[in-house]
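J.: Pasting protein_31.cif here (mmCIF, C-alpha atoms):
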data_final
#
loop_
_atom_site.label_atom_id
_atom_site.label_comp_id
_atom_site.auth_asym_id
_atom_site.auth_seq_id
_atom_site.Cartn_x
_atom_site.Cartn_y
_atom_site.Cartn_z
CA MET A 1 -27.45 201.72 -8.18
CA ARG A 2 -26.09 205.06 -7.09
CA PRO A 3 -22.92 206.40 -8.65
CA TYR A 4 -19.96 206.52 -6.30
CA THR A 5 -18.83 209.96 -5.26
CA PRO A 6 -15.55 210.28 -3.40
CA LYS A 7 -16.11 211.47 0.16
CA ASP A 8 -12.55 212.46 1.07
CA ASP A 9 -13.08 216.14 0.24
CA VAL A 10 -16.43 216.36 1.96
CA GLN A 11 -15.13 218.86 4.52
CA LYS A 12 -13.59 221.15 1.92
CA LYS A 13 -16.54 221.52 -0.32
CA SER A 14 -20.03 222.52 0.61
CA TYR A 15 -22.52 220.47 -1.32
CA TYR A 16 -25.80 221.95 -0.18
CA THR A 17 -25.49 225.69 -0.43
CA ASP A 18 -28.00 226.54 -3.11
CA ARG A 19 -31.45 226.54 -1.65
CA TYR A 20 -33.12 226.19 -5.01
CA TRP A 21 -30.75 223.56 -6.28
CA VAL A 22 -32.44 221.18 -8.67
CA ALA A 23 -31.15 217.66 -8.88
CA PRO A 24 -29.66 216.95 -12.30
CA GLN A 25 -31.54 214.38 -14.28
CA VAL A 26 -29.72 211.16 -14.96
CA PRO A 27 -29.16 211.10 -18.73
CA LYS A 28 -31.18 208.59 -20.69
CA SER A 29 -30.06 207.00 -23.92
CA ASP A 30 -31.84 205.04 -26.59
CA VAL A 31 -32.25 201.29 -26.35
CA SER A 32 -30.61 200.75 -29.74
CA GLU A 33 -27.25 201.84 -28.31
CA ASP A 34 -26.76 198.52 -26.54
CA ALA A 35 -26.93 195.43 -28.76
CA VAL A 36 -27.97 193.03 -26.00
CA PHE A 37 -30.75 195.27 -24.78
CA ALA A 38 -31.86 195.99 -28.31
CA ALA A 39 -32.31 192.27 -28.99
CA ASP A 40 -34.26 191.79 -25.75
CA HIS A 41 -36.37 194.81 -26.51
CA ALA A 42 -37.19 193.56 -30.01
CA ALA A 43 -38.15 190.13 -28.66
CA LEU A 44 -40.41 191.69 -26.04
CA ARG A 45 -42.02 194.10 -28.44
CA ALA A 46 -43.09 191.22 -30.66
CA HIS A 47 -45.38 189.96 -27.88
CA PHE A 48 -46.22 192.89 -25.61
CA GLU A 49 -46.90 196.55 -25.89
CA ILE A 50 -44.04 198.65 -24.50
CA LEU A 51 -45.09 202.12 -23.43
CA GLU A 52 -41.69 203.66 -22.88
CA ASP A 53 -38.11 202.47 -23.01
CA TYR A 54 -34.64 203.85 -22.41
CA ILE A 55 -31.24 202.96 -21.01
CA GLN A 56 -30.19 204.68 -17.83
CA ARG A 57 -26.90 204.00 -16.06
CA GLY A 58 -26.35 200.88 -18.11
CA GLN A 59 -29.72 199.39 -17.31
CA MET A 60 -32.69 199.11 -19.61
CA VAL A 61 -35.94 200.49 -18.23
CA ILE A 62 -39.20 199.50 -19.89
CA TYR A 63 -42.75 200.52 -19.05
CA ILE A 64 -45.52 197.98 -19.65
CA HIS A 65 -49.22 197.64 -18.95
CA PRO A 66 -49.83 196.32 -15.42
CA LYS A 67 -51.98 193.46 -16.74
CA ASP A 68 -48.94 192.12 -18.64
CA ASN A 69 -46.59 191.94 -15.67
CA TYR A 70 -46.74 188.17 -15.16
CA ALA A 71 -46.38 187.39 -18.85
CA VAL A 72 -43.54 189.86 -19.37
CA LEU A 73 -41.55 188.54 -16.44
CA GLU A 74 -42.16 184.97 -17.57
CA PHE A 75 -40.99 185.85 -21.06
CA LEU A 76 -37.89 187.58 -19.73
CA ARG A 77 -37.08 184.62 -17.51
CA ASP A 78 -37.65 181.84 -20.03
CA HIS A 79 -36.57 183.42 -23.30
CA CYS A 80 -34.22 186.26 -22.47
CA GLY A 81 -32.19 184.76 -19.62
CA TYR A 82 -33.22 187.17 -16.86
CA THR A 83 -33.42 184.44 -14.27
CA GLN A 84 -33.35 186.53 -11.12
CA LEU A 85 -35.77 189.00 -9.64
CA SER A 86 -33.47 190.95 -7.38
CA GLU A 87 -35.90 193.59 -6.20
CA LEU A 88 -39.54 194.51 -6.34
CA SER A 89 -41.34 197.42 -4.80
CA ALA A 90 -43.37 200.50 -5.59
CA ILE A 91 -43.07 204.27 -5.71
CA ASP A 92 -45.78 206.50 -4.35
CA TRP A 93 -47.00 208.95 -7.01
CA ILE A 94 -50.49 209.41 -5.55
CA ALA A 95 -50.23 213.19 -5.22
CA GLN A 96 -48.81 213.78 -8.71
CA ARG A 97 -50.36 211.03 -10.80
CA GLY A 98 -52.92 209.27 -8.61
CA GLY A 99 -51.25 205.89 -8.29
CA PHE A 100 -48.17 203.80 -7.80
CA GLU A 101 -45.29 202.84 -10.02
CA VAL A 102 -44.45 199.19 -9.42
CA PHE A 103 -40.99 198.16 -10.50
CA TYR A 104 -39.33 194.78 -10.96
CA GLN A 105 -35.54 194.69 -11.03
CA MET A 106 -34.31 191.73 -13.08
CA LEU A 107 -30.81 190.31 -13.39
CA SER A 108 -29.33 188.05 -16.03
CA MET A 109 -26.27 186.20 -14.82
CA THR A 110 -25.38 184.92 -18.30
CA LYS A 111 -25.65 188.28 -20.05
CA LYS A 112 -24.43 190.30 -17.04
CA LYS A 113 -27.26 192.75 -17.60
CA ARG A 114 -30.03 194.27 -15.55
CA ILE A 115 -33.49 195.27 -16.68
CA ARG A 116 -36.05 197.29 -14.77
CA VAL A 117 -39.65 196.56 -15.69
CA LYS A 118 -42.06 199.24 -14.57
CA CYS A 119 -45.80 199.58 -14.64
CA PHE A 120 -48.21 202.15 -13.32
CA ILE A 121 -51.34 201.26 -11.36
CA GLY A 122 -54.04 203.45 -9.88
CA GLU A 123 -54.37 203.98 -6.13
CA HIS A 124 -57.09 201.36 -5.63
CA GLU A 125 -56.02 198.91 -8.31
CA ALA A 126 -54.52 195.51 -7.63
CA ILE A 127 -51.63 193.86 -9.41
CA ASN A 128 -50.96 190.23 -10.28
CA SER A 129 -48.52 188.29 -8.19
CA VAL A 130 -45.30 187.00 -9.77
CA GLU A 131 -44.61 184.70 -6.84
CA LYS A 132 -45.14 181.63 -9.03
CA LEU A 133 -42.26 182.77 -11.24
CA PHE A 134 -39.84 183.99 -8.59
CA ARG A 135 -39.88 182.86 -4.97
CA SER A 136 -38.17 186.09 -4.00
CA ALA A 137 -41.34 187.94 -4.92
CA ASP A 138 -43.20 186.34 -2.02
CA TRP A 139 -41.90 188.55 0.77
CA SER A 140 -41.32 191.54 -1.50
CA GLU A 141 -44.96 191.60 -2.49
CA ARG A 142 -46.01 191.25 1.12
CA GLU A 143 -43.77 194.16 1.98
CA MET A 144 -45.21 196.18 -0.87
CA TYR A 145 -48.67 195.51 0.48
CA ASP A 146 -47.57 196.32 4.03
CA MET A 147 -45.86 199.59 3.18
CA PHE A 148 -48.01 200.92 0.33
CA GLY A 149 -51.31 199.09 0.59
CA ILE A 150 -51.11 197.68 -2.93
CA LYS A 151 -53.19 194.54 -3.10
CA VAL A 152 -51.57 191.64 -4.94
CA ASN A 153 -53.84 189.11 -6.63
CA ASN A 154 -53.08 185.37 -6.48
CA HIS A 155 -50.54 185.76 -3.72
CA PRO A 156 -50.47 182.63 -1.48
CA PHE A 157 -50.22 184.51 1.84
CA MET A 158 -51.26 188.13 1.54
CA LYS A 159 -50.50 189.40 4.99
CA ARG A 160 -48.48 192.23 6.49
CA ILE A 161 -44.84 191.33 6.89
CA LEU A 162 -43.24 194.10 8.99
CA MET A 163 -46.00 195.95 10.80
CA PRO A 164 -48.41 194.23 13.20
CA ASP A 165 -51.43 192.55 11.62
CA ASP A 166 -53.89 194.99 13.14
CA TRP A 167 -51.98 198.09 12.03
CA GLU A 168 -53.87 200.85 10.30
CA GLY A 169 -52.30 202.85 7.51
CA PHE A 170 -49.43 202.24 5.16
CA PRO A 171 -46.20 203.76 6.44
CA LEU A 172 -44.26 204.28 3.23
CA ARG A 173 -46.90 206.39 1.56
CA LYS A 174 -45.91 210.02 1.29
CA THR A 175 -49.03 211.06 3.17
CA TYR A 176 -48.15 208.95 6.21
CA PRO A 177 -46.61 211.13 8.94
CA LEU A 178 -43.12 210.09 10.01
CA GLN A 179 -44.02 210.19 13.70
CA GLY A 180 -47.23 208.29 13.13
CA ASP A 181 -50.89 209.15 13.14
CA GLU A 182 -53.11 208.90 16.19
CA PHE A 183 -53.53 205.16 15.81
CA ALA A 184 -49.75 204.67 15.76
CA ALA A 185 -49.20 207.01 18.71
CA TRP A 186 -51.48 204.99 20.98
CA TYR A 187 -50.91 201.57 19.47
CA GLU A 188 -49.00 199.90 22.30
CA VAL A 189 -51.19 201.46 25.00
CA ASP A 190 -54.43 200.41 23.29
CA ARG A 191 -53.08 196.96 22.61
CA ILE A 192 -51.79 196.20 26.10
CA PHE A 193 -53.86 198.21 28.53
CA GLY A 194 -56.89 199.27 26.54
CA LYS A 195 -58.10 202.66 25.41
CA GLU A 196 -59.12 203.71 28.91
CA ALA A 197 -55.44 203.76 29.94
CA ARG A 198 -54.61 206.60 27.58
CA ASP A 199 -55.34 209.25 30.20
CA ILE A 200 -53.14 207.57 32.78
CA ILE A 201 -50.12 206.89 30.61
CA GLY A 202 -50.30 210.10 28.68
CA PRO A 203 -49.19 211.07 25.19
CA GLU A 204 -45.77 210.28 23.76
CA ILE A 205 -43.10 212.88 24.32
CA ARG A 206 -41.63 213.45 20.90
CA ASP A 207 -39.76 216.68 21.47
CA THR A 208 -36.22 215.52 22.05
CA ALA A 209 -35.03 219.03 22.77
CA ARG A 210 -37.41 219.47 25.67
CA VAL A 211 -35.30 219.52 28.82
CA ASP A 212 -36.61 220.92 32.07
CA ARG A 213 -33.76 220.80 34.55
CA TYR A 214 -36.10 221.04 37.53
CA ASP A 215 -38.24 218.17 36.32
CA THR A 216 -37.39 215.25 38.59
CA GLU A 217 -40.02 212.99 37.05
CA ARG A 218 -38.06 212.50 33.87
CA PHE A 219 -34.55 213.83 34.40
CA ALA A 220 -31.74 212.90 36.70
CA GLN A 221 -29.53 215.56 38.22
CA LEU A 222 -25.83 215.17 37.59
CA GLY A 223 -24.04 214.68 40.88
CA HIS A 224 -27.23 214.64 42.92
CA GLU A 225 -29.44 211.87 44.06
CA VAL A 226 -32.95 213.23 43.89
CA PRO A 227 -36.04 211.11 44.53
CA LYS A 228 -38.43 210.94 41.63
CA GLY A 229 -41.08 213.57 41.72
CA SER A 230 -39.54 215.65 44.51
CA THR A 231 -38.53 219.27 44.22
CA PHE A 232 -34.93 219.91 43.37
CA ASP A 233 -32.74 222.66 44.75
CA PRO A 234 -29.56 223.10 42.68
CA ASN A 235 -27.72 224.53 45.68
CA GLN A 236 -28.03 221.42 47.77
CA PRO A 237 -24.75 219.56 48.38
CA LYS A 238 -23.78 216.91 45.89
CA THR A 239 -24.16 213.25 46.69
CA PRO A 240 -20.78 211.52 46.69
CA LEU A 241 -20.40 208.70 44.19
CA ALA A 242 -20.52 205.41 46.04
CA TYR A 243 -21.05 201.86 45.00
CA GLN A 244 -22.06 200.89 48.50
CA GLU A 245 -23.97 202.58 51.21
CA GLU A 246 -22.36 204.04 54.30
CA GLY A 247 -21.11 201.39 56.69
CA GLY A 248 -20.51 198.73 54.06
CA VAL A 249 -22.50 195.72 53.07
CA PHE A 250 -22.97 192.51 54.96
CA LEU A 251 -20.38 189.89 53.96
CA ILE A 252 -19.13 191.95 51.02
CA GLU A 253 -15.81 193.69 50.99
CA GLY A 254 -16.05 197.38 50.29
CA PHE A 255 -14.28 199.07 47.43
CA ASP A 256 -11.51 201.34 48.60
CA GLU A 257 -10.91 204.00 46.01
CA THR A 258 -7.53 204.96 47.42
CA LYS A 259 -6.22 201.44 46.93
CA SER A 260 -7.39 201.11 43.34
CA LYS A 261 -4.89 201.38 40.55
CA ILE A 262 -5.62 203.14 37.32
CA ILE A 263 -4.03 201.41 34.36
CA SER A 264 -2.61 203.94 31.95
CA ASP A 265 -1.79 201.47 29.21
CA ARG A 266 -5.16 200.68 27.68
CA LYS A 267 -3.78 197.93 25.51
CA ARG A 268 -2.42 195.99 28.45
CA MET B 1 -9.81 170.10 75.18
CA ALA B 2 -7.82 172.82 73.55
CA GLN B 3 -5.04 174.31 75.54
CA HIS B 4 -5.31 177.75 74.02
CA GLN B 5 -8.08 180.08 74.91
CA VAL B 6 -10.53 181.01 72.15
CA ASN B 7 -12.56 184.12 72.61
CA TYR B 8 -15.69 182.94 70.91
CA LEU B 9 -17.36 186.31 70.81
CA LYS B 10 -14.43 187.98 69.03
CA ASP B 11 -12.54 187.51 65.77
CA GLY B 12 -15.21 185.40 64.20
CA GLY B 13 -14.52 182.60 66.57
CA LEU B 14 -18.14 181.62 66.94
CA PRO B 15 -19.71 180.52 63.65
CA VAL B 16 -22.58 182.89 64.19
CA ALA B 17 -23.27 186.25 62.60
CA LEU B 18 -26.01 188.47 63.89
CA THR B 19 -28.07 190.30 61.36
CA SER B 20 -31.64 191.11 60.50
CA ILE B 21 -33.95 189.24 58.19
CA ASP B 22 -34.07 192.21 55.87
CA LYS B 23 -30.34 192.30 55.51
CA VAL B 24 -29.82 188.62 54.91
CA VAL B 25 -32.66 188.33 52.41
CA ASN B 26 -31.55 191.41 50.56
CA TRP B 27 -27.99 190.18 50.62
CA GLY B 28 -29.12 187.05 48.87
CA ARG B 29 -31.28 188.87 46.41
CA SER B 30 -28.80 191.55 45.53
CA ASN B 31 -25.99 189.09 44.92
CA SER B 32 -27.87 186.76 42.66
CA ILE B 33 -29.66 189.04 40.24
CA TRP B 34 -30.43 186.70 37.42
CA ALA B 35 -31.12 188.66 34.31
CA LEU B 36 -33.52 187.89 31.52
CA THR B 37 -31.71 188.16 28.21
CA TYR B 38 -33.49 190.89 26.40
CA GLY B 39 -31.18 192.02 23.65
CA LEU B 40 -33.31 193.89 21.14
CA ALA B 41 -30.68 195.79 19.19
CA CYS B 42 -27.05 196.91 19.36
CA CYS B 43 -27.22 197.40 23.16
CA GLY B 44 -27.74 193.66 23.27
CA ILE B 45 -24.21 193.20 21.94
CA GLU B 46 -22.84 195.27 24.83
CA MET B 47 -24.98 193.24 27.21
CA MET B 48 -23.54 190.04 25.77
CA ALA B 49 -20.05 191.47 26.13
CA SER B 50 -20.82 192.19 29.79
CA GLY B 51 -21.75 188.59 30.29
CA ALA B 52 -18.68 187.23 28.52
CA SER B 53 -15.31 186.53 30.03
CA ARG B 54 -13.66 189.95 29.95
CA TYR B 55 -16.29 191.81 31.98
CA ASP B 56 -17.71 188.67 33.53
CA PHE B 57 -21.06 189.42 35.12
CA ASP B 58 -21.00 186.09 36.89
CA ARG B 59 -18.71 187.68 39.48
CA PHE B 60 -21.68 189.76 40.61
CA GLY B 61 -24.01 186.82 40.57
CA THR B 62 -25.70 188.10 37.45
CA ILE B 63 -26.34 185.10 35.28
CA PHE B 64 -28.35 185.47 32.11
CA ARG B 65 -31.37 183.25 31.94
CA ALA B 66 -33.47 182.56 28.90
CA SER B 67 -36.67 182.08 30.88
CA PRO B 68 -38.67 184.83 32.58
CA ARG B 69 -39.63 182.39 35.35
CA GLN B 70 -36.03 182.18 36.48
CA ALA B 71 -35.14 185.83 36.09
CA ASP B 72 -35.14 188.68 38.60
CA VAL B 73 -34.19 191.60 36.43
CA MET B 74 -35.11 192.39 32.87
CA ILE B 75 -32.36 194.31 31.08
CA VAL B 76 -34.17 195.90 28.17
CA ALA B 77 -31.25 196.39 25.80
CA GLY B 78 -32.26 198.06 22.58
CA THR B 79 -35.04 199.58 20.54
CA LEU B 80 -38.52 198.47 21.46
CA THR B 81 -40.82 198.49 18.47
CA LYS B 82 -44.55 198.87 18.82
CA LYS B 83 -45.07 195.44 17.36
CA HIS B 84 -42.93 193.94 20.11
CA ALA B 85 -44.40 195.98 22.98
CA GLU B 86 -47.07 193.46 23.93
CA PHE B 87 -44.53 190.67 24.12
CA ILE B 88 -42.21 192.57 26.45
CA ARG B 89 -45.22 193.21 28.67
CA ARG B 90 -46.16 189.55 28.59
CA LEU B 91 -42.64 188.45 29.50
CA TYR B 92 -42.54 191.02 32.27
CA ASP B 93 -45.79 189.66 33.65
CA GLN B 94 -44.37 186.15 33.53
CA MET B 95 -41.42 187.07 35.73
CA THR B 96 -41.86 186.15 39.37
CA GLU B 97 -41.84 188.76 42.13
CA PRO B 98 -39.62 190.40 43.20
CA LYS B 99 -38.59 191.76 39.83
CA TRP B 100 -36.75 194.76 38.55
CA VAL B 101 -36.19 196.38 35.18
CA ILE B 102 -33.09 198.12 33.84
CA SER B 103 -33.75 200.22 30.77
CA MET B 104 -30.46 200.12 28.90
CA GLY B 105 -29.54 202.74 26.33
CA SER B 106 -31.21 205.74 24.76
CA CYS B 107 -33.70 203.77 22.71
CA ALA B 108 -35.11 201.92 25.68
CA ASN B 109 -35.12 205.11 27.77
CA THR B 110 -36.83 207.51 25.39
CA GLY B 111 -37.01 205.97 21.95
CA GLY B 112 -33.64 207.55 21.23
CA MET B 113 -32.93 208.58 17.69
CA PHE B 114 -35.89 206.57 16.41
CA ASN B 115 -38.41 209.35 16.54
CA THR B 116 -40.71 207.40 14.23
CA TYR B 117 -44.11 205.78 14.06
CA ALA B 118 -42.87 202.26 14.77
CA THR B 119 -40.84 202.77 17.96
CA VAL B 120 -42.12 202.89 21.52
CA GLN B 121 -40.98 206.22 22.94
CA GLY B 122 -39.50 204.85 26.12
CA VAL B 123 -39.99 201.40 27.50
CA ASP B 124 -41.57 202.90 30.64
CA ARG B 125 -44.75 203.42 28.64
CA VAL B 126 -45.22 199.68 28.81
CA ILE B 127 -43.41 198.33 31.90
CA PRO B 128 -42.28 200.04 35.13
CA VAL B 129 -38.56 200.80 35.08
CA ASP B 130 -36.27 200.84 38.12
CA LEU B 131 -33.09 202.12 36.57
CA TYR B 132 -32.42 204.12 33.44
CA LEU B 133 -28.97 203.65 31.98
CA PRO B 134 -28.02 206.37 29.50
CA GLY B 135 -25.69 205.83 26.58
CA CYS B 136 -25.75 204.84 22.96
CA ALA B 137 -24.76 202.14 23.49
CA PRO B 138 -23.61 202.01 27.13
CA ARG B 139 -20.32 200.24 27.57
CA PRO B 140 -20.15 197.08 29.67
CA GLU B 141 -18.64 199.13 32.51
CA SER B 142 -21.78 201.28 32.51
CA LEU B 143 -23.98 198.23 32.67
CA GLN B 144 -21.91 196.90 35.54
CA TYR B 145 -22.35 200.20 37.33
CA ALA B 146 -26.08 200.01 36.70
CA VAL B 147 -26.25 196.52 38.15
CA MET B 148 -24.27 197.68 41.17
CA LEU B 149 -26.66 200.57 41.68
CA LEU B 150 -29.56 198.15 41.37
CA GLN B 151 -27.91 196.00 44.04
CA LYS B 152 -27.73 199.11 46.19
CA LYS B 153 -31.40 199.77 45.57
CA ILE B 154 -32.35 196.20 46.40
CA ARG B 155 -30.39 196.38 49.66
CA SER B 156 -32.30 199.47 50.70
CA GLU B 157 -35.69 197.85 50.14
CA LYS B 158 -37.78 196.05 52.70
CA ALA B 159 -37.20 192.36 52.14
CA ILE B 160 -40.68 191.26 53.01
CA LYS B 161 -43.11 193.68 51.55
CA ALA B 162 -46.81 193.49 51.55
CA GLN B 163 -47.46 191.49 48.41
CA LYS B 164 -48.25 194.31 46.09
CA PRO B 165 -47.37 193.55 42.52
CA LYS B 166 -45.72 196.35 40.62
CA ARG B 167 -48.03 197.76 38.06
CA LEU B 168 -47.67 200.58 35.68
CA MET B 169 -51.27 201.56 36.33
#
Write out the structure in this file as structure tokens.
T.:
Amino acid sequence: MRPYTPKDDVQKKSYYTDRYWVAPQVPKSDVSEDAVFAADHAALRAHFEILEDYIQRGQMVIYIHPKDNYAVLEFLRDHCGYTQLSELSAIDWIAQRGGFEVFYQMLSMTKKKRIRVKCFIGEHEAINSVEKLFRSADWSEREMYDMFGIKVNNHPFMKRILMPDDWEGFPLRKTYPLQGDEFAAWYEVDRIFGKEARDIIGPEIRDTARVDRYDTERFAQLGHEVPKGSTFDPNQPKTPLAYQEEGGVFLIEGFDETKSKIISDRKR
Amino acid sequence: MAQHQVNYLKDGGLPVALTSIDKVVNWGRSNSIWALTYGLACCGIEMMASGASRYDFDRFGTIFRASPRQADVMIVAGTLTKKHAEFIRRLYDQMTEPKWVISMGSCANTGGMFNTYATVQGVDRVIPVDLYLPGCAPRPESLQYAVMLLQKKIRSEKAIKAQKPKRLM
């Protein structure tokens, strides 16, 4: 959880002035400082190898071997009282360390404590499913597969959850471009009309700042009614705003602007 | 036999109105634009508000239908994701001619602030659009204005066209 910072002085103080500002590291403390965590840690260490452990922001973080993940979570659930798996996902470290860090966020309602179990897997390695222990892991593991491409063994329904089934690429990887690769750019066109329609429909226009005021294909002219695709002369007289065409509409009473009343009290 | 004289050709005395086929068909069409509910995101809330009692679209003959077979206009209200694009196209194809499309809000017009891999950059990449309504999100008054402009557009069309289905390509 993020620490709360008061936002009421946000206008007075500039937070992002230093270009080479380095984020301060959240201080870590030893597990022995908290009696409850120390007991859990000792119980775990009797059965499993713990690679690293510390307490950060009141939560214990432990690193385990990825092959132990099912057994560790089962142990924590059955013997330590961590009965809820509140979150499960991964962090992309492919560029730095060649793999993913998978984390399991556990909650104990009786002890009022949270534990984060982490393990590191290589880019092409799979991890065991914990869906049999926690039903909440079902969709989380599917999302992890969808977003990072981490295969999960023994999962009952290993299928993409957010992106379409025929999607290529894994969007939450750091290497995935935010505006999509070529497959993503043409996805809807390929899917609906076929690849041969690409030339007709044309590429996506991603530049939101691109405004050509004489372009009547894509832009309207304020105050003017200009047919699509025609040339626009800014000096031509403005089209008056009208809900109905000249001469009125058959069987429908026209709107007389002079007879309308503007209500000044908005709360009326 | 009435004692008073009635001038049947004046003051609406004769229950006959002379008009053209175009006008009477378009009058019917433009005053009963049944809309397909297509709320995809927050614009959908504004669209619902337009249909509810305060703004009351029923006055304009715009009644929201849940079936594309009964709808005349598709109000695309919200962000169209790439996963959903084929379904919007399918529903558009299921609508009967004549049909129109209002693209409501920035996201439906251009993709809006969602300049990402998962959003269709403008619903007109998938279905032909008659009217673009700017705003994020447009207020119900804007949507009413859009529907009124669409009525104006329908009135200016030929009622009986050569049966040429609208296609994007």
J.: Go ahead and compute the interatomic distance for atom CA of B:Thr62 and atom CA of B:Gln144, in Å to one decimal.
T.: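 Between atom CA of B:Thr62 and atom CA of B:Gln144 the gap is 9.8 Å.
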J.: List the residues matched by the PyMOL selection byres ((chain B) within 9 of (chain A)) in the displayed structure as a VMD selection string, ordered by chain and then by residue number.
T.: chain B and resid 19 23 to 24 27 82 to 86 89 110 to 113 115 to 118 120 to 122 125 to 126 145 148 to 149 151 to 152 155 to 156 168 to 169
J.: For A:Asn154, which residue among A:Tyr63, A:Tyr70, A:Phe120, A:Tyr20 is the nearest when counting only C-alpha atoms?
T.: A:Tyr70
J.: Using the chain letters and numbers from the file, which residues does the PyMOL selection byres ((chain B and resi 103) around 8) grab, as a count of residues only?
T.: 15
J.: When the PyMOL selection byres ((chain B and resi 29) around 10) is applied to the structure above, which residues does it catch, written out as an MDAnalysis selection string?
T.: chainID B and resid 23:28 30:34 61 72 98 151 154:155 159
J.: For atom CA of A:Leu222 and atom CA of A:Lys238, quote the distance in Å rounded to one decimal.
T.: 8.7 Å
J.: Pick out the residues sitting within 9 Å of A:Glu123, and hand them over as a PyMOL selection string; count only C-alpha atoms, and ignore anything fewer than 3 positions along from it in its own chain.
T.: chain A and resi 93-94+98-100+126+149-150
J.: Just give me the gap between atom CA of B:Cys42 and atom CA of B:Ser67 in Å, one decimal is fine.
T.: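 Calculated distance between atom CA of B:Cys42 and atom CA of B:Ser67 is 21.1 Å.
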J.: Is it possible to add N, CA, C and O atoms to stretch 233-245 of chain A and hand it back as a CSV table (one decimal), in the coordinates of the input?
T.:
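Writing the result to result13.csv gives the following:
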chain,number,residue,atom,x,y,z
A,233,ASP,N,-33.4,221.4,44.5
A,233,ASP,CA,-32.7,222.7,44.8
A,233,ASP,C,-31.3,222.5,44.2
A,233,ASP,O,-30.6,221.7,44.8
A,234,PRO,N,-30.9,223.3,43.2
A,234,PRO,CA,-29.6,223.1,42.7
A,234,PRO,C,-28.4,223.4,43.7
A,234,PRO,O,-27.3,223.1,43.4
A,235,ASN,N,-28.8,224.1,44.7
A,235,ASN,CA,-27.7,224.5,45.7
A,235,ASN,C,-27.4,223.5,46.7
A,235,ASN,O,-26.5,223.6,47.5
A,236,GLN,N,-28.2,222.4,46.7
A,236,GLN,CA,-28.0,221.4,47.8
A,236,GLN,C,-26.7,220.7,47.5
A,236,GLN,O,-26.3,220.6,46.4
A,237,PRO,N,-26.1,220.2,48.6
A,237,PRO,CA,-24.8,219.6,48.4
A,237,PRO,C,-24.9,218.3,47.5
A,237,PRO,O,-25.9,217.6,47.5
A,238,LYS,N,-23.8,218.0,46.8
A,238,LYS,CA,-23.8,216.9,45.9
A,238,LYS,C,-23.7,215.6,46.7
A,238,LYS,O,-23.1,215.5,47.7
A,239,THR,N,-24.3,214.6,46.1
A,239,THR,CA,-24.2,213.2,46.7
A,239,THR,C,-22.9,212.6,46.2
A,239,THR,O,-22.6,212.5,45.0
A,240,PRO,N,-22.0,212.2,47.1
A,240,PRO,CA,-20.8,211.5,46.7
A,240,PRO,C,-21.1,210.2,46.0
A,240,PRO,O,-22.0,209.5,46.3
A,241,LEU,N,-20.2,209.9,45.0
A,241,LEU,CA,-20.4,208.7,44.2
A,241,LEU,C,-20.0,207.5,45.0
A,241,LEU,O,-18.9,207.5,45.5
A,242,ALA,N,-20.8,206.6,45.2
A,242,ALA,CA,-20.5,205.4,46.0
A,242,ALA,C,-21.2,204.2,45.5
A,242,ALA,O,-22.4,204.2,45.1
A,243,TYR,N,-20.5,203.1,45.5
A,243,TYR,CA,-21.0,201.9,45.0
A,243,TYR,C,-21.8,201.2,46.1
A,243,TYR,O,-22.7,200.4,45.9
A,244,GLN,N,-21.4,201.5,47.4
A,244,GLN,CA,-22.1,200.9,48.5
A,244,GLN,C,-22.5,202.0,49.5
A,244,GLN,O,-22.0,203.1,49.5
A,245,GLU,N,-23.5,201.6,50.2
A,245,GLU,CA,-24.0,202.6,51.2
A,245,GLU,C,-23.0,202.7,52.4
A,245,GLU,O,-22.1,201.9,52.5
